[in-house]
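Peer 1: Sharing target-v3.txt (compact mmCIF, C-alpha atoms) below.
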```txt
# COMPACT_ATOMS: atom_id res chain seq x y z
CA MET L 1 17.40 -3.58 16.44
CA ASP L 2 19.16 -2.83 13.16
CA GLN L 3 17.19 -0.53 10.86
CA GLN L 4 15.81 -2.35 7.84
CA VAL L 5 12.46 -3.53 6.22
CA ASN L 6 8.69 -5.06 4.98
CA GLU L 7 5.94 -7.34 3.01
CA THR L 8 5.10 -10.13 0.43
CA GLU L 9 3.95 -11.31 -2.91
CA PRO L 10 4.39 -13.93 -5.71
CA VAL L 11 7.17 -15.38 -7.93
CA GLU L 12 8.40 -18.68 -9.45
CA ALA L 13 11.13 -21.00 -8.26
CA VAL L 14 14.64 -20.27 -9.48
CA GLU L 15 17.65 -22.59 -9.59
CA SER L 16 20.67 -20.91 -8.05
CA PRO L 17 24.02 -21.75 -9.61
CA ASN L 18 25.62 -20.94 -6.24
CA THR L 19 23.35 -23.14 -4.18
CA SER L 20 25.59 -25.14 -1.89
CA GLU L 21 22.94 -27.68 -0.95
CA PRO L 22 19.43 -28.51 -2.14
CA GLN L 23 16.30 -27.03 -0.67
CA ASP L 24 15.10 -28.80 2.48
CA SER L 25 11.51 -28.25 1.43
CA ASP L 26 9.42 -26.10 -0.85
CA THR L 27 9.68 -23.27 1.68
CA ILE L 28 13.44 -23.40 2.41
CA THR L 29 16.11 -22.19 0.00
CA ARG L 30 19.86 -22.19 0.70
CA VAL L 31 22.59 -20.41 -1.22
CA SER L 32 26.29 -19.77 -0.53
CA LEU L 33 27.85 -16.64 -1.98
CA GLY L 34 31.45 -15.63 -1.29
CA GLY L 35 31.61 -17.62 1.93
CA ARG L 36 28.32 -16.27 3.27
CA GLU L 37 25.54 -18.78 3.73
CA TYR L 38 21.97 -17.60 3.17
CA THR L 39 18.95 -19.61 4.32
CA ILE L 40 15.72 -18.11 3.02
CA ILE L 41 12.38 -19.20 4.47
CA GLY L 42 9.40 -18.39 2.24
CA THR L 43 6.23 -17.93 4.30
CA ALA L 44 2.54 -17.25 3.66
CA HIS L 45 2.23 -14.44 6.30
CA ILE L 46 -1.01 -15.94 7.70
CA SER L 47 0.09 -19.52 8.24
CA SER L 48 0.44 -21.15 11.66
CA GLU L 49 2.70 -23.71 9.96
CA SER L 50 5.00 -20.87 8.86
CA VAL L 51 5.17 -19.61 12.46
CA ARG L 52 6.20 -23.06 13.71
CA GLU L 53 8.72 -23.58 10.91
CA VAL L 54 10.38 -20.19 11.44
CA ASP L 55 10.82 -20.83 15.16
CA GLU L 56 12.20 -24.34 14.62
CA ARG L 57 14.62 -23.32 11.88
CA ILE L 58 16.15 -20.49 13.87
CA ARG L 59 16.65 -22.77 16.88
CA GLU L 60 18.11 -25.60 14.78
CA GLU L 61 20.43 -23.50 12.63
CA ASN L 62 21.40 -20.81 15.15
CA PRO L 63 22.40 -18.30 12.41
CA HIS L 64 24.62 -15.30 13.04
CA ARG L 65 21.85 -12.93 11.95
CA VAL L 66 18.10 -13.04 11.21
CA CYS L 67 16.63 -10.77 8.51
CA VAL L 68 12.87 -10.17 8.40
CA GLU L 69 10.56 -8.64 5.82
CA LEU L 70 9.51 -5.65 7.94
CA ASP L 71 10.14 -1.91 8.03
CA GLN L 72 10.47 0.07 11.25
CA GLY L 73 6.85 1.24 11.23
CA ARG L 74 5.41 -2.23 10.71
CA TYR L 75 7.83 -3.65 13.27
CA ASN L 76 6.60 -1.15 15.87
CA ALA L 77 2.95 -1.94 15.07
CA LEU L 78 3.56 -5.70 15.17
CA VAL L 79 5.54 -5.75 18.41
CA ASN L 80 3.91 -2.89 20.32
CA GLY L 81 0.48 -2.81 18.66
CA GLN L 82 -0.91 -0.05 16.46
CA ASN L 83 -1.64 3.03 18.54
CA TRP L 84 -4.45 4.63 16.53
CA GLN L 85 -5.18 7.04 19.39
CA ASN L 86 -2.25 9.12 18.12
CA LEU L 87 -3.82 9.50 14.67
CA ASP L 88 -4.63 13.12 13.81
CA ILE L 89 -7.19 12.93 10.98
CA PHE L 90 -6.98 16.70 10.35
CA LYS L 91 -3.22 16.43 9.93
CA VAL L 92 -3.64 13.47 7.57
CA ILE L 93 -6.04 15.47 5.39
CA LYS L 94 -3.96 18.65 5.53
CA GLU L 95 -0.79 16.78 4.49
CA LYS L 96 -2.70 15.13 1.62
CA LYS L 97 -2.16 11.63 2.98
CA ALA L 98 -5.81 10.54 2.99
CA PHE L 99 -5.35 8.18 0.02
CA LEU L 100 -2.25 6.77 1.68
CA LEU L 101 -4.02 6.09 4.97
CA LEU L 102 -6.99 4.56 3.16
CA GLY L 103 -4.68 2.26 1.22
CA ASN L 104 -2.91 1.23 4.45
CA LEU L 105 -6.20 0.43 6.17
CA VAL L 106 -7.55 -1.51 3.20
CA LEU L 107 -4.40 -3.63 2.90
CA SER L 108 -4.48 -4.25 6.65
CA ALA L 109 -8.16 -5.26 6.48
CA SER L 110 -7.57 -7.67 3.62
CA GLN L 111 -4.74 -9.51 5.39
CA LYS L 112 -6.54 -9.47 8.73
CA ARG L 113 -9.68 -11.01 7.26
CA MET L 114 -7.70 -13.87 5.70
CA GLY L 115 -5.92 -14.43 8.99
CA MET L 116 -9.22 -14.55 10.89
CA ASP L 117 -10.45 -17.34 8.60
CA LEU L 118 -7.45 -19.42 9.72
CA GLY L 119 -7.27 -18.27 13.33
CA ILE L 120 -3.98 -16.40 13.06
CA LYS L 121 -2.97 -12.75 12.93
CA PRO L 122 -1.02 -11.55 9.86
CA GLY L 123 2.72 -11.23 10.39
CA GLN L 124 2.96 -13.68 13.29
CA GLU L 125 5.80 -15.56 11.57
CA MET L 126 7.82 -12.30 11.53
CA LYS L 127 7.03 -11.75 15.19
CA ALA L 128 8.09 -15.33 15.95
CA ALA L 129 11.37 -14.81 14.08
CA ILE L 130 12.15 -11.67 16.08
CA SER L 131 11.11 -13.23 19.40
CA THR L 132 13.14 -16.42 18.88
CA ALA L 133 16.19 -14.50 17.64
CA GLU L 134 16.10 -12.18 20.65
CA GLU L 135 15.71 -15.15 22.99
CA LEU L 136 18.84 -16.73 21.49
CA GLY L 137 20.76 -13.45 21.39
CA ILE L 138 20.84 -13.32 17.59
CA PRO L 139 20.81 -9.80 16.03
CA VAL L 140 17.85 -8.96 13.79
CA SER L 141 17.75 -6.72 10.70
CA LEU L 142 14.58 -5.14 9.34
CA CYS L 143 15.04 -5.46 5.60
CA ASP L 144 11.96 -4.09 3.85
CA ARG L 145 11.29 -0.67 2.43
CA GLU L 146 9.03 1.67 4.40
CA ILE L 147 5.42 0.81 3.52
CA GLN L 148 4.62 4.53 3.09
CA THR L 149 7.31 4.82 0.42
CA THR L 150 6.05 1.69 -1.34
CA LEU L 151 2.44 2.87 -1.45
CA ARG L 152 3.34 6.40 -2.52
CA ARG L 153 5.60 5.07 -5.29
CA ALA L 154 2.85 2.71 -6.47
CA TRP L 155 0.41 5.62 -6.54
CA GLY L 156 2.79 8.15 -8.07
CA LEU L 157 4.01 5.85 -10.84
CA SER L 158 0.49 4.83 -11.88
CA GLY L 159 -1.33 6.78 -14.56
CA PHE L 160 -4.91 8.05 -14.26
CA TRP L 161 -6.52 4.71 -15.10
CA GLY L 162 -3.89 2.84 -13.13
CA LYS L 163 -4.77 4.84 -10.03
CA ASN L 164 -8.46 4.02 -10.48
CA LYS L 165 -7.72 0.33 -10.99
CA LEU L 166 -5.46 0.33 -7.93
CA LEU L 167 -8.18 1.90 -5.80
CA ALA L 168 -10.80 -0.47 -7.18
CA SER L 169 -8.66 -3.53 -6.44
CA LEU L 170 -7.82 -2.30 -2.92
CA ILE L 171 -11.45 -1.61 -2.03
CA ALA L 172 -12.63 -4.86 -3.61
CA GLY L 173 -10.05 -6.73 -1.55
CA ALA L 174 -11.08 -4.95 1.64
CA PHE L 175 -14.76 -5.86 1.28
CA SER L 176 -14.19 -9.35 -0.13
CA THR L 177 -16.08 -12.11 1.67
CA GLU L 178 -14.08 -14.92 0.05
CA LYS L 179 -12.96 -17.55 2.54
CA LEU L 180 -9.43 -18.93 2.52
CA SER L 181 -8.99 -22.63 3.34
CA ASN L 182 -5.89 -24.32 4.70
CA GLU L 183 -5.49 -25.96 1.30
CA ASP L 184 -5.50 -22.52 -0.35
CA LEU L 185 -2.93 -21.37 2.18
CA GLU L 186 -0.55 -24.22 1.40
CA LYS L 187 -0.83 -23.34 -2.29
CA MET L 188 0.24 -19.80 -1.42
CA LYS L 189 3.55 -21.23 -0.21
CA GLN L 190 4.23 -23.01 -3.51
CA LYS L 191 6.30 -20.76 -5.70
CA SER L 192 4.98 -22.29 -8.93
CA ALA L 193 1.39 -21.44 -8.00
CA LEU L 194 2.44 -17.94 -6.97
CA HIS L 195 4.06 -17.39 -10.35
CA GLY L 196 0.64 -17.57 -12.00
CA MET L 197 -0.71 -15.02 -9.53
CA LEU L 198 2.21 -12.71 -10.30
CA GLU L 199 1.47 -12.81 -14.02
CA GLU L 200 -2.14 -11.80 -13.31
CA VAL L 201 -0.98 -8.81 -11.26
CA ALA L 202 1.48 -7.84 -14.01
CA GLU L 203 -1.28 -7.84 -16.63
CA TYR L 204 -3.77 -5.96 -14.49
CA LEU L 205 -1.48 -3.35 -12.93
CA PRO L 206 2.07 -3.49 -14.38
CA SER L 207 3.22 -0.30 -12.64
CA ALA L 208 1.91 -1.43 -9.24
CA LYS L 209 3.42 -4.91 -9.74
CA ARG L 210 6.80 -3.35 -10.44
CA VAL L 211 6.69 -1.28 -7.22
CA LEU L 212 4.97 -3.77 -4.91
CA ILE L 213 6.88 -6.84 -6.02
CA ASP L 214 9.90 -6.32 -8.29
CA GLU L 215 11.32 -3.31 -6.47
CA ARG L 216 10.80 -4.92 -3.10
CA ASP L 217 12.53 -8.12 -4.27
CA GLU L 218 15.50 -5.92 -5.14
CA TYR L 219 15.32 -3.89 -1.92
CA LEU L 220 15.04 -6.98 0.29
CA ALA L 221 17.93 -8.70 -1.49
CA LYS L 222 20.20 -5.68 -1.16
CA LYS L 223 19.46 -5.21 2.52
CA ILE L 224 19.98 -8.92 3.21
CA PHE L 225 23.23 -8.86 1.19
CA GLU L 226 24.46 -5.78 3.06
CA SER L 227 23.41 -6.97 6.52
CA PRO L 228 26.25 -6.64 9.08
CA GLY L 229 28.54 -9.58 9.74
CA GLU L 230 31.82 -11.25 8.88
CA ALA L 231 32.55 -12.94 5.55
CA GLU L 232 31.60 -16.35 6.96
CA THR L 233 28.31 -15.12 8.43
CA ARG L 234 25.30 -17.45 8.28
CA ILE L 235 22.16 -15.41 7.57
CA LEU L 236 18.60 -16.64 7.87
CA ALA L 237 15.97 -14.49 6.12
CA VAL L 238 12.22 -14.73 6.67
CA VAL L 239 10.26 -13.33 3.70
CA GLY L 240 7.01 -13.88 1.85
CA ALA L 241 7.24 -16.93 -0.43
CA GLY L 242 6.58 -14.83 -3.52
CA HIS L 243 9.75 -12.80 -2.99
CA VAL L 244 12.15 -15.76 -2.86
CA PRO L 245 12.99 -16.23 -6.59
CA GLY L 246 13.46 -12.48 -7.10
CA ILE L 247 15.67 -12.21 -4.01
CA LEU L 248 17.83 -15.09 -5.25
CA ARG L 249 18.35 -13.43 -8.64
CA HIS L 250 19.38 -10.15 -7.04
CA LEU L 251 21.67 -11.83 -4.48
CA GLU L 252 23.54 -13.57 -7.30
CA ALA L 253 23.78 -10.33 -9.29
CA LEU L 254 25.11 -8.53 -6.22
CA HIS L 255 27.70 -11.24 -5.62
CA ALA L 256 28.75 -11.08 -9.30
CA LYS L 257 28.96 -7.26 -8.96
CA THR L 258 26.63 -6.78 -11.94
CA GLN L 259 24.42 -4.86 -9.53
CA THR L 260 25.29 -2.41 -6.76
CA PRO L 261 23.84 -2.56 -3.21
CA ASP L 262 22.60 1.04 -3.52
CA VAL L 263 18.82 1.37 -2.97
CA SER L 264 18.51 5.14 -3.34
CA GLU L 265 16.82 4.92 -6.76
CA ILE L 266 13.94 2.84 -5.38
CA ASP L 267 13.78 4.36 -1.90
CA PHE L 268 12.24 7.75 -2.67
CA VAL L 269 8.92 9.09 -3.92
CA PRO L 270 9.40 10.52 -7.43
CA PRO L 271 8.00 14.03 -7.93
CA PRO L 272 5.35 14.52 -10.61
CA SER L 273 6.71 15.01 -14.12
CA ARG L 274 6.48 18.41 -15.76
CA VAL L 275 3.70 17.13 -17.98
CA GLY L 276 1.92 15.70 -14.96
CA LYS L 277 2.12 19.09 -13.22
CA LEU L 278 0.88 20.96 -16.29
CA ILE L 279 -2.13 18.78 -17.15
CA PRO L 280 -4.35 19.97 -14.22
CA TRP L 281 -3.59 23.59 -15.12
CA ILE L 282 -4.33 22.93 -18.80
CA ILE L 283 -7.67 21.33 -17.91
CA SER L 284 -8.53 24.30 -15.66
CA GLY L 285 -7.56 26.70 -18.46
CA VAL L 286 -9.75 24.85 -20.96
CA ILE L 287 -12.77 24.97 -18.62
CA ILE L 288 -12.34 28.68 -17.85
CA GLY L 289 -11.78 29.38 -21.55
CA LEU L 290 -14.99 27.59 -22.57
CA ILE L 291 -17.04 29.47 -19.96
CA VAL L 292 -15.54 32.82 -21.02
CA TRP L 293 -16.11 31.94 -24.68
CA GLY L 294 -19.77 31.40 -23.84
CA PHE L 295 -20.02 35.02 -22.66
CA ILE L 296 -18.14 36.30 -25.73
CA SER L 297 -19.95 34.28 -28.38
CA GLY L 298 -23.44 34.04 -26.92
CA GLY L 299 -23.69 36.94 -24.52
CA VAL L 300 -24.48 36.94 -20.83
CA SER L 301 -27.23 34.34 -21.09
CA GLN L 302 -25.01 31.79 -22.83
CA GLY L 303 -22.13 32.45 -20.45
CA LEU L 304 -24.34 32.00 -17.40
CA GLU L 305 -25.82 28.86 -18.91
CA ASN L 306 -22.35 27.37 -19.43
CA PHE L 307 -21.36 28.28 -15.89
CA GLY L 308 -24.60 26.75 -14.58
CA VAL L 309 -23.95 23.51 -16.47
CA TRP L 310 -20.45 23.33 -15.01
CA VAL L 311 -21.67 23.94 -11.45
CA LEU L 312 -24.52 21.44 -11.80
CA VAL L 313 -22.44 18.62 -13.30
CA ASN L 314 -19.21 18.99 -11.33
CA GLY L 315 -20.77 20.08 -8.05
CA GLY L 316 -23.63 17.62 -8.38
CA LEU L 317 -21.40 14.58 -8.85
CA ALA L 318 -19.05 15.66 -6.05
CA ALA L 319 -22.05 16.06 -3.74
CA LEU L 320 -23.35 12.68 -4.90
CA GLY L 321 -19.98 11.18 -3.97
CA ALA L 322 -20.12 12.74 -0.49
CA LEU L 323 -23.69 11.46 -0.15
CA ALA L 324 -22.61 7.95 -1.22
CA ALA L 325 -20.10 8.03 1.63
CA LEU L 326 -22.97 9.01 3.97
CA GLY L 327 -21.39 12.36 4.63
CA HIS L 328 -23.09 14.91 6.87
CA PRO L 329 -25.73 17.05 5.05
CA LEU L 330 -23.47 20.10 5.51
CA THR L 331 -20.61 18.16 3.90
CA VAL L 332 -22.82 17.27 0.93
CA VAL L 333 -23.99 20.86 0.44
CA LEU L 334 -20.52 22.38 0.75
CA SER L 335 -19.08 19.70 -1.56
CA PHE L 336 -21.57 20.85 -4.19
CA ALA L 337 -20.52 24.47 -3.69
CA ALA L 338 -16.78 23.82 -3.52
CA ALA L 339 -16.26 21.32 -6.36
CA PRO L 340 -16.82 23.67 -9.32
CA LEU L 341 -14.29 26.10 -7.84
CA THR L 342 -11.67 23.62 -6.60
CA SER L 343 -11.74 21.93 -10.02
CA LEU L 344 -10.44 25.20 -11.45
CA ASN L 345 -7.63 25.37 -8.88
CA PRO L 346 -5.20 22.41 -9.07
CA THR L 347 -3.61 23.33 -5.73
CA ILE L 348 -6.65 22.15 -3.76
CA GLY L 349 -9.15 19.36 -4.36
CA VAL L 350 -12.76 19.06 -3.33
CA GLY L 351 -11.89 15.86 -1.44
CA PHE L 352 -9.68 17.91 0.87
CA VAL L 353 -12.51 20.37 1.55
CA SER L 354 -15.18 17.68 1.95
CA ALA L 355 -13.11 15.52 4.30
CA PHE L 356 -12.10 18.50 6.40
CA ILE L 357 -15.73 19.56 6.81
CA GLU L 358 -16.82 16.00 7.61
CA ALA L 359 -14.10 15.61 10.26
CA TRP L 360 -15.01 18.99 11.74
CA VAL L 361 -18.77 18.32 11.88
CA ARG L 362 -18.38 14.72 12.99
CA LYS L 363 -15.19 14.71 15.02
CA PRO L 364 -13.80 11.18 15.54
CA ARG L 365 -14.62 9.83 18.98
CA VAL L 366 -12.40 7.78 21.28
CA ARG L 367 -14.35 4.64 20.36
CA ASP L 368 -13.67 5.28 16.65
CA PHE L 369 -9.94 5.04 17.32
CA GLU L 370 -10.36 2.02 19.61
CA SER L 371 -12.50 0.06 17.14
CA LEU L 372 -10.71 1.10 13.94
CA GLN L 373 -8.93 -2.24 13.47
CA THR L 374 -12.18 -4.20 13.71
CA ASP L 375 -14.38 -1.72 11.86
CA ILE L 376 -12.21 -1.91 8.72
CA LEU L 377 -13.08 -5.60 8.43
CA SER L 378 -16.61 -4.95 7.22
CA PHE L 379 -18.45 -2.72 4.77
CA ARG L 380 -20.77 -1.59 7.55
CA GLY L 381 -17.85 -0.88 9.87
CA PHE L 382 -16.17 1.32 7.27
CA TYR L 383 -19.27 3.51 7.23
CA ARG L 384 -19.90 3.36 10.98
CA ASN L 385 -16.44 4.51 11.99
CA ARG L 386 -16.02 8.28 11.68
CA ILE L 387 -12.37 8.03 10.68
CA THR L 388 -12.94 5.69 7.75
CA ARG L 389 -16.14 7.46 6.77
CA THR L 390 -14.18 10.72 6.51
CA LEU L 391 -11.71 8.94 4.23
CA LEU L 392 -14.59 7.61 2.12
CA VAL L 393 -15.98 11.15 1.85
CA PHE L 394 -12.57 12.28 0.63
CA LEU L 395 -12.38 9.46 -1.91
CA PHE L 396 -15.92 9.57 -3.29
CA ALA L 397 -16.14 13.37 -3.48
CA THR L 398 -12.80 13.42 -5.34
CA LEU L 399 -13.93 10.73 -7.78
CA GLY L 400 -17.29 12.46 -8.26
CA SER L 401 -15.64 15.76 -9.14
CA ALA L 402 -13.17 14.01 -11.48
CA VAL L 403 -15.99 12.29 -13.35
CA GLY L 404 -17.88 15.60 -13.41
CA THR L 405 -14.88 17.28 -15.06
CA PHE L 406 -14.73 14.75 -17.89
CA ILE L 407 -18.50 14.89 -18.41
CA GLY L 408 -18.73 18.68 -18.05
CA ILE L 409 -16.05 19.73 -20.55
CA PRO L 410 -17.81 18.28 -23.64
CA LEU L 411 -21.07 19.94 -22.52
CA LEU L 412 -19.35 23.34 -22.56
CA ILE L 413 -18.06 22.99 -26.13
CA PRO L 414 -20.23 25.02 -28.54
CA GLY L 415 -22.44 22.84 -30.73
```
Would it be possible to restate this file's structure as structure tokens?
Peer 2:
Amino acid sequence: MDQQVNETEPVEAVESPNTSEPQDSDTITRVSLGGREYTIIGTAHISSESVREVDERIREENPHRVCVELDQGRYNALVNGQNWQNLDIFKVIKEKKAFLLLGNLVLSASQKRMGMDLGIKPGQEMKAAISTAEELGIPVSLCDREIQTTLRRAWGLSGFWGKNKLLASLIAGAFSTEKLSNEDLEKMKQKSALHGMLEEVAEYLPSAKRVLIDERDEYLAKKIFESPGEAETRILAVVGAGHVPGILRHLEALHAKTQTPDVSEIDFVPPPSRVGKLIPWIISGVIIGLIVWGFISGGVSQGLENFGVWVLVNGGLAALGALAALGHPLTVVLSFAAAPLTSLNPTIGVGFVSAFIEAWVRKPRVRDFESLQTDILSFRGFYRNRITRTLLVFLFATLGSAVGTFIGIPLLIPG
């Protein structure tokens, strides 16, 4: 299996000046570039019709290579099943990947729920493409970027409010009870309808749209363009319908050499900017300065009062967050005690402390790992499962402390 890549989203139809023959249908696009023939199948990811079409097309066209929108991690999970028993929640928390894991689970839950409505598991068309290609002896390339890189870039390139909107949209999607009909599904495969959805995403979260959609269009196109084979190679690519127009644009730019095949600029997680690194320290300095100023200007009583206000507001809201996640009483108490101090130390957050305590007091059981994939499909399951509840403790305690910081600072300013 050649190493390559991942997922979907929306875009509009694009006429290709190099198209050698018209589209067979709304889901099939053909383009010839420099002797290479590309057949791109746009799928809906949770469509039984897409599964059938992918299998039939590969058998009929017998391409030299099949490219699929998967990365190695998602390929392993799809083909071999997700082995959650190997998950080390303490390691996840220690490596500061709790947000990342939560985002992964929420996205998985959202797609799974839609698939359940239609009686099909997400990603089955990719699995069918791989299975059929292997049966016919056709090499397969994984052409998507690692999902971890995509999520971390989306998070890292979003500002403070963008991060909150991203979390809100992910959680709302995870707990959505909206049903998806077969008619809705067919609309998902129409590029014109998907274009409207793309514009909505762009307005709501432009930075996330750029990472989740635009960058992945580029990444997919470059990996498909660079896939091994002779000059006359016929390549069949299976991707989400929303990626097709973007992939076409990039393929043509690559052929015209107005773009290079290099993906290094969009295949790494950018470090925080200098300003981004300084802001937490500046906020901590302001808080400490205001508390110290209370002692200087108003004496011991005023200083202690300021410190008490800070502890009550910051610690109280962090504890409230842990309580909202149904954290253990010890977690709630220690969140209250830790938040006012961790807020003054940017190297450690209260969410880290709260989640670690919760995982220690309520260690995940074997059944929590076994039922994780079904528990994430419901609000109740998220709270029942000790793994996801630990992640909720991390999230809500962090948000509580953050809100407490913004409320607490004005209260410390002398009147």
Peer 1: Show which residues sit within 9 Å of Val332 (chain L), as a list in words. Count all atoms listed in the file, and ignore same-chain residues fewer than 2 positions away.
Peer 2: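 The residues satisfying every condition are Ala318, Ala319, Leu320, Gly321, Ala322, Leu323, Leu326, Gly327, His328, Pro329, Leu330, Leu334, Ser335, Phe336, Ala337, Ser354 and Ala397 of chain L.
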Peer 1: With only C-alpha atoms as the counted atoms, please give the residues lying no more than 10 Å from Trp293 (chain L), apart from itself and same-chain residues fewer than 4 positions off, as a ChimeraX atom specification.
Peer 2: /L:287-289,297-299,302-303,306,412-414
Peer 1: For a test of reading the model, state the distance in Å between CA of Gly42 (chain L) and CA of Thr260 (chain L), rounded to one decimal.
Peer 2: 24.3 Å
Peer 1: Counting all atoms listed in the file, figure out which residue out of L:Thr347, L:Ser207, L:Ser264, L:Gln72 gets nearest to Asp144 (chain L).
Peer 2: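 When distances to Asp144 (chain L) are compared using all atoms listed in the file, the smallest one comes from L:Gln72.
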Peer 1: Write out as a PyMOL selection string which residues come within 12 Å of Arg386 (chain L) when counting only C-alpha atoms, dropping same-chain ones fewer than 3 positions away.
Peer 2: chain L and resi 89+325-328+355+358-372+375-376+380-383+389-393
Peer 1: Go ahead and save the residues from that selection, with C-alpha atoms, as a PDB file, keeping the file's coordinate frame.
Peer 2:
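Produced file result_23.pdb, reproduced below:
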```pdb
ATOM      1  CA  ILE L  89      -7.190  12.930  10.980  1.00  0.00           C
ATOM      2  CA  ALA L 325     -20.100   8.030   1.630  1.00  0.00           C
ATOM      3  CA  LEU L 326     -22.970   9.010   3.970  1.00  0.00           C
ATOM      4  CA  GLY L 327     -21.390  12.360   4.630  1.00  0.00           C
ATOM      5  CA  HIS L 328     -23.090  14.910   6.870  1.00  0.00           C
ATOM      6  CA  ALA L 355     -13.110  15.520   4.300  1.00  0.00           C
ATOM      7  CA  GLU L 358     -16.820  16.000   7.610  1.00  0.00           C
ATOM      8  CA  ALA L 359     -14.100  15.610  10.260  1.00  0.00           C
ATOM      9  CA  TRP L 360     -15.010  18.990  11.740  1.00  0.00           C
ATOM     10  CA  VAL L 361     -18.770  18.320  11.880  1.00  0.00           C
ATOM     11  CA  ARG L 362     -18.380  14.720  12.990  1.00  0.00           C
ATOM     12  CA  LYS L 363     -15.190  14.710  15.020  1.00  0.00           C
ATOM     13  CA  PRO L 364     -13.800  11.180  15.540  1.00  0.00           C
ATOM     14  CA  ARG L 365     -14.620   9.830  18.980  1.00  0.00           C
ATOM     15  CA  VAL L 366     -12.400   7.780  21.280  1.00  0.00           C
ATOM     16  CA  ARG L 367     -14.350   4.640  20.360  1.00  0.00           C
ATOM     17  CA  ASP L 368     -13.670   5.280  16.650  1.00  0.00           C
ATOM     18  CA  PHE L 369      -9.940   5.040  17.320  1.00  0.00           C
ATOM     19  CA  GLU L 370     -10.360   2.020  19.610  1.00  0.00           C
ATOM     20  CA  SER L 371     -12.500   0.060  17.140  1.00  0.00           C
ATOM     21  CA  LEU L 372     -10.710   1.100  13.940  1.00  0.00           C
ATOM     22  CA  ASP L 375     -14.380  -1.720  11.860  1.00  0.00           C
ATOM     23  CA  ILE L 376     -12.210  -1.910   8.720  1.00  0.00           C
ATOM     24  CA  ARG L 380     -20.770  -1.590   7.550  1.00  0.00           C
ATOM     25  CA  GLY L 381     -17.850  -0.880   9.870  1.00  0.00           C
ATOM     26  CA  PHE L 382     -16.170   1.320   7.270  1.00  0.00           C
ATOM     27  CA  TYR L 383     -19.270   3.510   7.230  1.00  0.00           C
ATOM     28  CA  ARG L 389     -16.140   7.460   6.770  1.00  0.00           C
ATOM     29  CA  THR L 390     -14.180  10.720   6.510  1.00  0.00           C
ATOM     30  CA  LEU L 391     -11.710   8.940   4.230  1.00  0.00           C
ATOM     31  CA  LEU L 392     -14.590   7.610   2.120  1.00  0.00           C
ATOM     32  CA  VAL L 393     -15.980  11.150   1.850  1.00  0.00           C
TER      33      VAL L 393
END
```
Peer 1: Excluding Leu78 (chain L) and any residue of its chain fewer than 4 positions from it, enumerate the residues within 9 Å of it, using all atoms listed in the file, and give them as an mmCIF file with C-alpha atoms, in the frame of the given file.
Peer 2:
```
data_model
loop_
_atom_site.group_PDB
_atom_site.id
_atom_site.type_symbol
_atom_site.label_atom_id
_atom_site.label_comp_id
_atom_site.auth_asym_id
_atom_site.auth_seq_id
_atom_site.Cartn_x
_atom_site.Cartn_y
_atom_site.Cartn_z
ATOM 1 C CA GLY L 73 6.850 1.240 11.230
ATOM 2 C CA ARG L 74 5.410 -2.230 10.710
ATOM 3 C CA GLN L 82 -0.910 -0.050 16.460
ATOM 4 C CA GLY L 123 2.720 -11.230 10.390
ATOM 5 C CA GLN L 124 2.960 -13.680 13.290
ATOM 6 C CA MET L 126 7.820 -12.300 11.530
ATOM 7 C CA LYS L 127 7.030 -11.750 15.190
#
```
Peer 1: Leaving out region 221-225 of chain L and any residue of its chain fewer than 5 positions from it, which residues lie within 7 Å of it when counting all atoms listed in the file, given as a compact mmCIF listing (two decimals) with C-alpha atoms, in the coordinates of the input?
Peer 2:
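Listed below is the output, selection09.txt:
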```
# COMPACT_ATOMS: atom_id res chain seq x y z
CA CYS L 67 16.63 -10.77 8.51
CA CYS L 143 15.04 -5.46 5.60
CA ILE L 247 15.67 -12.21 -4.01
CA HIS L 250 19.38 -10.15 -7.04
CA LEU L 251 21.67 -11.83 -4.48
CA PRO L 261 23.84 -2.56 -3.21
```
Peer 1: So how many Å separate CA of Glu60 (chain L) and CA of Gly34 (chain L), to one decimal?
Peer 2: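 The value is 23.1 Å.
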Peer 1: Just give me the residues with any atom within 9 Å of (13.8, 0.0, -7.7), file coordinates, counting all atoms listed in the file, written as a list in words.
Peer 2: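 Residues with an atom at most 9 Å from (13.8, 0.0, -7.7): Arg210, Val211, Asp214, Glu215, Arg216, Asp217, Glu218, Tyr219, Val263, Ser264, Glu265, Ile266 and Asp267 of chain L.
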Peer 1: I'd like to know which of L:Thr374, L:Phe90, L:Leu290, L:Thr398 is closest to Ala338 (chain L), using only C-alpha atoms.
Peer 2: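 Of the candidates, the smallest distance to Ala338 (chain L) is held by L:Thr398.
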Peer 1: Counting only C-alpha atoms, which residue out of L:Ile357, L:Val286, L:Leu411, L:Ile138 sits closest to Pro63 (chain L)?
Peer 2: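 Among the listed residues, L:Ile138 lies closest to Pro63 (chain L).
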Peer 1: Using only C-alpha atoms, can you tell me which of L:Leu236, L:Ile409, L:Val275, L:Leu100 comes closest to Tyr38 (chain L)?
Peer 2: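 Once distances to Tyr38 (chain L) are computed over only C-alpha atoms, the minimum belongs to L:Leu236.
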Peer 1: Looking at only C-alpha atoms, which of L:Ser378, L:Ile296, L:Gly408, L:Leu105 is the one that sits closest to Val309 (chain L)?
Peer 2: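 The shortest atom-to-atom distance to Val309 (chain L) comes from L:Gly408.
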Peer 1: Compare L:Gly240, L:Pro271, L:Gly316, L:Gly276 by their minimum atom-to-atom distance to Val333 (chain L), counting only C-alpha atoms, and give me the closest one.
Peer 2: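 Ranked by minimum distance to Val333 (chain L), first place goes to L:Gly316.
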